[in-house]
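This report concerns only the one structure given below.
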Amino acid sequence: YIAREFYGVWGDFDVKITIDKNYMVAATGILQNANTIGFGYSTPGLKIPQTSAKTITWNFKGENIHDFVWAADAGYAHISKEVRKDLTLHVFYKPKDAKSDSAWNNVLWAAEKILPYMEKRFGKYPYPQYSFIQGGDGGMEYAMATLLKGSGLGTVFHEWMHSWYQQILGTNESLFAWMDEGFTTYASDIIFQQLLKPNSKEDPLQDSYKSYFQLVKSGSEEPLITHADHYQTNTAYGMASYSKGCIFLHQLSYIVGQNAFNKGMLEFFRDWSFKHPS
């Protein structure tokens, strides 16, 4: 994608990737030929047939999604877990040492642990898989997957929550960046605290408030309805879309009451899934 945000319609993907047989591939969708590919995708205990060819072809299918991502590396490690009958979580990472292995295993553990709370608060994740893939230059969300530079849980949860507001709802981020980034920031900050400090009285959104106050004092604030690509500065775009959008939801919950707000967020998700809310 180019510029700051993107927008797409949903479709079905049937993708074949032919690549050196030593490379492991992580991608959007379900691997259709797992039992001939192996690499941690196949049925446990099944012997994978050997091939003399230099390449193998991976076939991924994904339905009702609006973008596709894939990553490949000859050094990937792959761990996964079926967390319920209709959902498997995957982690792909480059092993360095025992500390690195532990950190990426922690991603899988944390994702499974926090998922029931995420779905209770913000709606059920509808796709059959999700992959956390080491790669890219920070954190970037895609359908059924995210690219992650590191294993930090704050970024892990933020990129995963984009599945709700950018992938499932299909918000037009270019026109309404705050409806994706702001909602995602609000949700991921809450679930991050729920995992680490479930009984804490701290405001999980305090960093968003600090960021927004900084923006106001700088004199660089622009209207929240500014097109994502038309902000004069990256600072104004970032603080508005992420922080001010997050604060908008927090203020709304204060006005209508937390219980009504929580109910409304679930209804919004149910009513507008796969419909491009504006």
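Going by the structure tokens order, chains are called A, B, ..., each with residues numbered from 1, while ligands are numbered from 1 in the order shown.
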
### Task
Give the helix (DSSP H, G or I) residues of stretch 17-247 of chain A, as assigned by DSSP on the backbone, as number ranges by chain.
A: 34-37, 98-122, 153-168, 177-196, 206-218, 228-230, 234-247

Give me, as JSON lines, each residue of stretch 91-189 of chain A that comes within 12 Å of stretch 244-257 of chain A, together with its shortest interatomic pair and the distance in Å at one decimal, counting only C-alpha atoms, with rows ordered by chain and rising residue number.
```
{"residue": "A:Phe176", "atom": "CA", "partner": "A:Gly245", "partner_atom": "CA", "distance": 9.8}
{"residue": "A:Ala177", "atom": "CA", "partner": "A:Gly245", "partner_atom": "CA", "distance": 8.5}
{"residue": "A:Trp178", "atom": "CA", "partner": "A:Gly245", "partner_atom": "CA", "distance": 4.8}
{"residue": "A:Met179", "atom": "CA", "partner": "A:Gly245", "partner_atom": "CA", "distance": 6.8}
{"residue": "A:Asp180", "atom": "CA", "partner": "A:Gly245", "partner_atom": "CA", "distance": 8.5}
{"residue": "A:Glu181", "atom": "CA", "partner": "A:Gly245", "partner_atom": "CA", "distance": 7.1}
{"residue": "A:Gly182", "atom": "CA", "partner": "A:Gly245", "partner_atom": "CA", "distance": 3.9}
{"residue": "A:Phe183", "atom": "CA", "partner": "A:Cys246", "partner_atom": "CA", "distance": 5.8}
{"residue": "A:Thr184", "atom": "CA", "partner": "A:Cys246", "partner_atom": "CA", "distance": 7.8}
{"residue": "A:Thr185", "atom": "CA", "partner": "A:Cys246", "partner_atom": "CA", "distance": 5.9}
{"residue": "A:Tyr186", "atom": "CA", "partner": "A:Cys246", "partner_atom": "CA", "distance": 4.8}
{"residue": "A:Ala187", "atom": "CA", "partner": "A:Cys246", "partner_atom": "CA", "distance": 8.5}
{"residue": "A:Ser188", "atom": "CA", "partner": "A:Cys246", "partner_atom": "CA", "distance": 10.1}
{"residue": "A:Asp189", "atom": "CA", "partner": "A:Cys246", "partner_atom": "CA", "distance": 9.4}
```

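Shell of A:Asn35 at 8 Å, with only C-alpha atoms counted and residues fewer than 3 places along the chain excluded, is A:Gly38, A:Tyr41, A:Ser42, A:Thr43, A:Leu46, A:Ile48.
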
### Task
Work out how far atom CA of A:Leu195 is from atom CA of A:Leu153, in Å to one decimal.
9.8 Å

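Non-sequential neighbours of A:Gly150 (distance at most 12 Å, separation of 4 or more positions within a chain, only C-alpha atoms) are Val91, Phe92, Tyr93, Lys94, Pro95, Ser100, Asp101, Ala103, Trp104, Asn106, Val107, Phe132, Ile133, Gln134, Gly135, Gly136, Asp137, Gly138, Gly139, Met140, Thr146, Gly154, Thr155 and Val156 of chain A.
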